[in-house]
file work-v1.pdb (PDB, C-alpha atoms)
MODEL        1
ATOM      1  CA  GLN A  10      -1.968 -37.467  53.533  1.00  0.00           C
ATOM      2  CA  VAL A  11      -3.200 -34.119  52.279  1.00  0.00           C
ATOM      3  CA  GLN A  12      -3.438 -33.614  48.541  1.00  0.00           C
ATOM      4  CA  LEU A  13      -4.661 -30.694  46.488  1.00  0.00           C
ATOM      5  CA  VAL A  14      -4.866 -31.457  42.795  1.00  0.00           C
ATOM      6  CA  GLU A  15      -5.433 -28.667  40.293  1.00  0.00           C
ATOM      7  CA  SER A  16      -6.616 -29.158  36.740  1.00  0.00           C
ATOM      8  CA  GLY A  17      -8.168 -27.212  33.889  1.00  0.00           C
ATOM      9  CA  GLY A  18      -5.261 -25.051  32.806  1.00  0.00           C
ATOM     10  CA  GLY A  19      -4.230 -24.686  29.199  1.00  0.00           C
ATOM     11  CA  LEU A  20      -3.684 -22.349  26.280  1.00  0.00           C
ATOM     12  CA  VAL A  21      -6.465 -19.959  25.364  1.00  0.00           C
ATOM     13  CA  GLN A  22      -6.782 -16.853  23.226  1.00  0.00           C
ATOM     14  CA  ALA A  23      -7.396 -13.473  24.786  1.00  0.00           C
ATOM     15  CA  GLY A  24     -11.077 -13.052  25.532  1.00  0.00           C
ATOM     16  CA  GLY A  25     -11.546 -16.761  26.102  1.00  0.00           C
ATOM     17  CA  SER A  26     -12.483 -18.702  29.215  1.00  0.00           C
ATOM     18  CA  LEU A  27     -11.066 -21.461  31.362  1.00  0.00           C
ATOM     19  CA  ARG A  28     -12.348 -23.254  34.426  1.00  0.00           C
ATOM     20  CA  LEU A  29      -9.793 -24.406  36.954  1.00  0.00           C
ATOM     21  CA  SER A  30     -10.557 -27.123  39.490  1.00  0.00           C
ATOM     22  CA  CYS A  31      -8.897 -27.997  42.774  1.00  0.00           C
ATOM     23  CA  THR A  32      -9.861 -31.266  44.441  1.00  0.00           C
ATOM     24  CA  ALA A  33      -8.787 -31.864  48.013  1.00  0.00           C
ATOM     25  CA  SER A  34      -8.258 -35.062  49.934  1.00  0.00           C
ATOM     26  CA  GLY A  35      -7.032 -35.758  53.439  1.00  0.00           C
ATOM     27  CA  ILE A  36      -8.627 -32.664  54.977  1.00  0.00           C
ATOM     28  CA  ARG A  37     -12.011 -31.700  56.371  1.00  0.00           C
ATOM     29  CA  PHE A  38     -12.722 -29.566  53.348  1.00  0.00           C
ATOM     30  CA  SER A  39     -15.476 -27.422  54.871  1.00  0.00           C
ATOM     31  CA  GLY A  40     -13.130 -26.282  57.626  1.00  0.00           C
ATOM     32  CA  PHE A  41     -10.656 -24.654  55.267  1.00  0.00           C
ATOM     33  CA  THR A  42     -10.686 -21.350  53.461  1.00  0.00           C
ATOM     34  CA  MET A  43      -9.750 -22.072  49.870  1.00  0.00           C
ATOM     35  CA  ARG A  44      -7.710 -19.658  47.785  1.00  0.00           C
ATOM     36  CA  TRP A  45      -6.287 -19.329  44.309  1.00  0.00           C
ATOM     37  CA  PHE A  46      -2.894 -17.751  43.819  1.00  0.00           C
ATOM     38  CA  ARG A  47      -0.858 -17.349  40.669  1.00  0.00           C
ATOM     39  CA  GLN A  48       2.776 -16.951  39.775  1.00  0.00           C
ATOM     40  CA  PRO A  49       3.387 -15.008  36.570  1.00  0.00           C
ATOM     41  CA  PRO A  50       6.327 -16.092  34.408  1.00  0.00           C
ATOM     42  CA  GLY A  51       9.696 -14.881  35.630  1.00  0.00           C
ATOM     43  CA  GLU A  52       8.352 -13.774  39.003  1.00  0.00           C
ATOM     44  CA  GLN A  53       9.044 -15.320  42.387  1.00  0.00           C
ATOM     45  CA  ARG A  54       5.998 -13.970  44.174  1.00  0.00           C
ATOM     46  CA  ASN A  55       2.628 -15.617  44.423  1.00  0.00           C
ATOM     47  CA  GLU A  56      -0.172 -13.203  43.608  1.00  0.00           C
ATOM     48  CA  PHE A  57      -3.530 -13.565  45.359  1.00  0.00           C
ATOM     49  CA  VAL A  58      -6.419 -14.135  42.958  1.00  0.00           C
ATOM     50  CA  ALA A  59      -9.515 -15.146  44.936  1.00  0.00           C
ATOM     51  CA  SER A  60     -10.683 -16.834  48.109  1.00  0.00           C
ATOM     52  CA  ILE A  61     -13.776 -18.526  49.440  1.00  0.00           C
ATOM     53  CA  THR A  62     -14.468 -19.393  53.067  1.00  0.00           C
ATOM     54  CA  GLY A  63     -16.217 -22.514  54.281  1.00  0.00           C
ATOM     55  CA  ASP A  64     -19.370 -20.414  54.573  1.00  0.00           C
ATOM     56  CA  GLY A  65     -19.072 -19.291  50.962  1.00  0.00           C
ATOM     57  CA  ALA A  66     -17.863 -15.720  51.474  1.00  0.00           C
ATOM     58  CA  THR A  67     -15.718 -14.658  48.543  1.00  0.00           C
ATOM     59  CA  THR A  68     -12.932 -12.145  47.994  1.00  0.00           C
ATOM     60  CA  TYR A  69     -11.261 -11.187  44.732  1.00  0.00           C
ATOM     61  CA  SER A  70      -8.183  -9.287  43.670  1.00  0.00           C
ATOM     62  CA  ASN A  71      -8.821  -6.145  41.664  1.00  0.00           C
ATOM     63  CA  SER A  72      -7.617  -7.879  38.520  1.00  0.00           C
ATOM     64  CA  ALA A  73      -9.987 -10.817  39.039  1.00  0.00           C
ATOM     65  CA  LYS A  74     -13.055  -8.865  40.063  1.00  0.00           C
ATOM     66  CA  GLY A  75     -15.784  -8.971  37.459  1.00  0.00           C
ATOM     67  CA  ARG A  76     -14.044 -11.605  35.330  1.00  0.00           C
ATOM     68  CA  PHE A  77     -13.356 -14.545  37.645  1.00  0.00           C
ATOM     69  CA  THR A  78     -15.760 -16.476  39.869  1.00  0.00           C
ATOM     70  CA  ILE A  79     -14.663 -18.735  42.691  1.00  0.00           C
ATOM     71  CA  SER A  80     -16.938 -21.491  43.988  1.00  0.00           C
ATOM     72  CA  ARG A  81     -16.779 -24.698  45.992  1.00  0.00           C
ATOM     73  CA  ASP A  82     -18.753 -27.867  46.592  1.00  0.00           C
ATOM     74  CA  HIS A  83     -18.232 -29.530  49.949  1.00  0.00           C
ATOM     75  CA  ALA A  84     -19.786 -32.803  48.800  1.00  0.00           C
ATOM     76  CA  LYS A  85     -17.154 -33.032  46.049  1.00  0.00           C
ATOM     77  CA  ASN A  86     -14.271 -31.558  48.087  1.00  0.00           C
ATOM     78  CA  THR A  87     -13.682 -29.355  45.088  1.00  0.00           C
ATOM     79  CA  MET A  88     -13.154 -25.673  44.402  1.00  0.00           C
ATOM     80  CA  TRP A  89     -13.353 -23.996  41.003  1.00  0.00           C
ATOM     81  CA  LEU A  90     -12.185 -20.792  39.421  1.00  0.00           C
ATOM     82  CA  GLN A  91     -14.205 -19.755  36.392  1.00  0.00           C
ATOM     83  CA  MET A  92     -12.097 -17.322  34.410  1.00  0.00           C
ATOM     84  CA  ASN A  93     -13.734 -15.278  31.670  1.00  0.00           C
ATOM     85  CA  ASP A  94     -12.433 -12.559  29.374  1.00  0.00           C
ATOM     86  CA  LEU A  95      -8.893 -13.768  29.885  1.00  0.00           C
ATOM     87  CA  LYS A  96      -6.035 -11.397  29.124  1.00  0.00           C
ATOM     88  CA  PRO A  97      -2.381 -12.098  28.316  1.00  0.00           C
ATOM     89  CA  GLU A  98      -1.454 -10.725  31.741  1.00  0.00           C
ATOM     90  CA  ASP A  99      -3.416 -13.590  33.298  1.00  0.00           C
ATOM     91  CA  THR A 100      -0.720 -15.959  32.060  1.00  0.00           C
ATOM     92  CA  ALA A 101       0.699 -17.709  35.120  1.00  0.00           C
ATOM     93  CA  VAL A 102       0.907 -20.930  37.043  1.00  0.00           C
ATOM     94  CA  TYR A 103      -2.219 -21.078  39.172  1.00  0.00           C
ATOM     95  CA  TYR A 104      -2.041 -22.692  42.601  1.00  0.00           C
ATOM     96  CA  CYS A 105      -4.789 -23.629  44.991  1.00  0.00           C
ATOM     97  CA  ASN A 106      -4.314 -23.270  48.704  1.00  0.00           C
ATOM     98  CA  ALA A 107      -6.278 -24.654  51.642  1.00  0.00           C
ATOM     99  CA  ALA A 108      -5.736 -22.927  54.952  1.00  0.00           C
ATOM    100  CA  ASN A 109      -7.126 -22.748  58.440  1.00  0.00           C
ATOM    101  CA  THR A 110      -5.671 -21.349  61.660  1.00  0.00           C
ATOM    102  CA  SER A 111      -3.264 -24.266  61.977  1.00  0.00           C
ATOM    103  CA  TYR A 112      -2.399 -25.500  58.490  1.00  0.00           C
ATOM    104  CA  SER A 113      -1.734 -24.331  54.960  1.00  0.00           C
ATOM    105  CA  HIS A 114      -1.601 -26.749  52.054  1.00  0.00           C
ATOM    106  CA  TRP A 115      -0.701 -26.139  48.412  1.00  0.00           C
ATOM    107  CA  GLY A 116      -1.353 -27.886  45.154  1.00  0.00           C
ATOM    108  CA  GLN A 117       1.216 -28.470  42.462  1.00  0.00           C
ATOM    109  CA  GLY A 118      -0.113 -25.782  40.140  1.00  0.00           C
ATOM    110  CA  THR A 119      -1.650 -25.668  36.691  1.00  0.00           C
ATOM    111  CA  GLN A 120      -0.376 -23.552  33.811  1.00  0.00           C
ATOM    112  CA  VAL A 121      -2.625 -20.993  32.198  1.00  0.00           C
ATOM    113  CA  THR A 122      -1.357 -19.326  29.049  1.00  0.00           C
ATOM    114  CA  VAL A 123      -3.320 -16.578  27.322  1.00  0.00           C
ATOM    115  CA  SER A 124      -2.217 -15.617  23.842  1.00  0.00           C
ATOM    116  CA  SER A 125      -2.866 -12.198  22.362  1.00  0.00           C
TER     117      SER A 125
ENDMDL
END
call {"tool": "encode", "arguments": {"input": "work-v1.pdb", "output": "structure tokens"}}
result
Amino acid sequence: QVQLVESGGGLVQAGGSLRLSCTASGIRFSGFTMRWFRQPPGEQRNEFVASITGDGATTYSNSAKGRFTISRDHAKNTMWLQMNDLKPEDTAVYYCNAANTSYSHWGQGTQVTVSS
């Protein structure tokens, strides 16, 4: 059974930092590209934040570039999103996603709230 479990969300003031974690089980972690998405309050869409391939290649959205850092550790089956200089517009439920050519798995989400 595949599970992706996010943690690390919370309430932080603007300018602060949070580190989100996503721990996977039931998959061959190194074979999946890992991504963070977020869903702002009141919106239906999931917004891409960052991705990291099994080889460690990273991609960021324009809003995340320069402030967020995505990383992963295959030995721990875990991915992280270090978020610095947080802004109120970063408030959202953050979801991790594991995908390869055949499968796409989602976590349950973790709430990040940034107060001004």
call {"tool": "resolve_selection", "arguments": {"input": "work-v1.pdb", "expression": "the PyMOL selection byres ((chain A and resi 115) around 6)", "output": "number ranges by chain"}}
result
A: 105-106, 114, 116
call {"tool": "resolve_selection", "arguments": {"input": "work-v1.pdb", "expression": "the PyMOL selection byres ((chain A and resi 46-52) around 12)", "output": "PyMOL selection string"}}
result
chain A and resi 15+18+29+31+43-45+53-60+69-70+72-73+79+90+97-107+115-123
call {"tool": "resolve_selection", "arguments": {"input": "work-v1.pdb", "expression": "the PyMOL selection byres ((chain A and resi 25) around 10)", "output": "PDB file with C-alpha atoms, in the frame of the given file"}}
result
ATOM      1  CA  LEU A  20      -3.684 -22.349  26.280  1.00  0.00           C
ATOM      2  CA  VAL A  21      -6.465 -19.959  25.364  1.00  0.00           C
ATOM      3  CA  GLN A  22      -6.782 -16.853  23.226  1.00  0.00           C
ATOM      4  CA  ALA A  23      -7.396 -13.473  24.786  1.00  0.00           C
ATOM      5  CA  GLY A  24     -11.077 -13.052  25.532  1.00  0.00           C
ATOM      6  CA  SER A  26     -12.483 -18.702  29.215  1.00  0.00           C
ATOM      7  CA  LEU A  27     -11.066 -21.461  31.362  1.00  0.00           C
ATOM      8  CA  MET A  92     -12.097 -17.322  34.410  1.00  0.00           C
ATOM      9  CA  ASN A  93     -13.734 -15.278  31.670  1.00  0.00           C
ATOM     10  CA  ASP A  94     -12.433 -12.559  29.374  1.00  0.00           C
ATOM     11  CA  LEU A  95      -8.893 -13.768  29.885  1.00  0.00           C
ATOM     12  CA  LYS A  96      -6.035 -11.397  29.124  1.00  0.00           C
ATOM     13  CA  VAL A 123      -3.320 -16.578  27.322  1.00  0.00           C
ATOM     14  CA  SER A 124      -2.217 -15.617  23.842  1.00  0.00           C
TER      15      SER A 124
END
call {"tool": "closest_residue", "arguments": {"input": "work-v1.pdb", "among": "A:Arg28, A:Arg37, A:Gln91, A:Gly65", "to": "A:Val11", "atoms": "only C-alpha atoms"}}
result
A:Arg37
call {"tool": "atom_distance", "arguments": {"input": "work-v1.pdb", "atom1": "atom CA of A:Ser39", "atom2": "atom CA of A:Ser113"}}
result
14.1 Å
call {"tool": "atom_distance", "arguments": {"input": "work-v1.pdb", "atom1": "atom CA of A:Phe41", "atom2": "atom CA of A:Gly63"}}
result
6.0 Å
call {"tool": "atom_distance", "arguments": {"input": "work-v1.pdb", "atom1": "atom CA of A:Gly75", "atom2": "atom CA of A:Gly17"}}
result
20.1 Å
call {"tool": "residues_around", "arguments": {"input": "work-v1.pdb", "residues": "A:Gln12", "least_positions_apart": "6", "cutoff": "7 Å", "atoms": "only C-alpha atoms", "output": "MDAnalysis selection string"}}
result
chainID A and resid 33:35 116
call {"tool": "residues_around", "arguments": {"input": "work-v1.pdb", "residues": "A:Ser80", "least_positions_apart": "4", "cutoff": "7 Å", "atoms": "all atoms listed in the file", "output": "PDB file with C-alpha atoms, in the coordinates of the input"}}
result
ATOM      1  CA  ILE A  61     -13.776 -18.526  49.440  1.00  0.00           C
ATOM      2  CA  MET A  88     -13.154 -25.673  44.402  1.00  0.00           C
ATOM      3  CA  TRP A  89     -13.353 -23.996  41.003  1.00  0.00           C
ATOM      4  CA  LEU A  90     -12.185 -20.792  39.421  1.00  0.00           C
TER       5      LEU A  90
END
call {"tool": "decode", "arguments": {"input": "work-v1.pdb", "residues": "stretch 56-71 of chain A", "atoms": "N, CA and C atoms", "output": "short mmCIF file (atom, residue, chain, number, x, y, z; two decimals), in the first residue's frame"}}
result
data_model
loop_
_atom_site.label_atom_id
_atom_site.label_comp_id
_atom_site.auth_asym_id
_atom_site.auth_seq_id
_atom_site.Cartn_x
_atom_site.Cartn_y
_atom_site.Cartn_z
N GLU A 56 -1.59 24.19 -7.45
CA GLU A 56 -0.54 25.00 -8.06
C GLU A 56 0.81 24.32 -7.86
N PHE A 57 1.54 24.15 -8.94
CA PHE A 57 2.87 23.53 -8.86
C PHE A 57 3.81 24.44 -8.07
N VAL A 58 4.60 23.83 -7.20
CA VAL A 58 5.57 24.58 -6.40
C VAL A 58 7.00 24.19 -6.79
N ALA A 59 7.32 22.91 -6.72
CA ALA A 59 8.69 22.47 -6.99
C ALA A 59 8.69 20.98 -7.26
N SER A 60 9.75 20.54 -7.96
CA SER A 60 9.91 19.11 -8.23
C SER A 60 11.37 18.72 -8.15
N ILE A 61 11.58 17.43 -7.90
CA ILE A 61 12.93 16.90 -7.88
C ILE A 61 12.88 15.48 -8.44
N THR A 62 13.73 15.21 -9.44
CA THR A 62 13.76 13.89 -10.04
C THR A 62 14.57 12.93 -9.16
N GLY A 63 14.55 11.66 -9.54
CA GLY A 63 15.34 10.68 -8.81
C GLY A 63 16.84 10.97 -8.89
N ASP A 64 17.24 11.67 -9.93
CA ASP A 64 18.65 12.04 -10.09
C ASP A 64 19.00 13.34 -9.39
N GLY A 65 17.98 14.00 -8.83
CA GLY A 65 18.24 15.22 -8.07
C GLY A 65 18.05 16.51 -8.85
N ALA A 66 17.57 16.43 -10.08
CA ALA A 66 17.33 17.66 -10.86
C ALA A 66 16.09 18.36 -10.31
N THR A 67 16.18 19.65 -10.12
CA THR A 67 15.10 20.40 -9.49
C THR A 67 14.49 21.42 -10.44
N THR A 68 13.23 21.70 -10.20
CA THR A 68 12.49 22.73 -10.93
C THR A 68 11.62 23.48 -9.92
N TYR A 69 11.50 24.78 -10.11
CA TYR A 69 10.71 25.60 -9.20
C TYR A 69 9.74 26.48 -9.97
N SER A 70 8.61 26.78 -9.34
CA SER A 70 7.73 27.80 -9.88
C SER A 70 8.40 29.16 -9.70
N ASN A 71 7.91 30.14 -10.42
CA ASN A 71 8.48 31.48 -10.29
C ASN A 71 8.32 32.01 -8.87
#
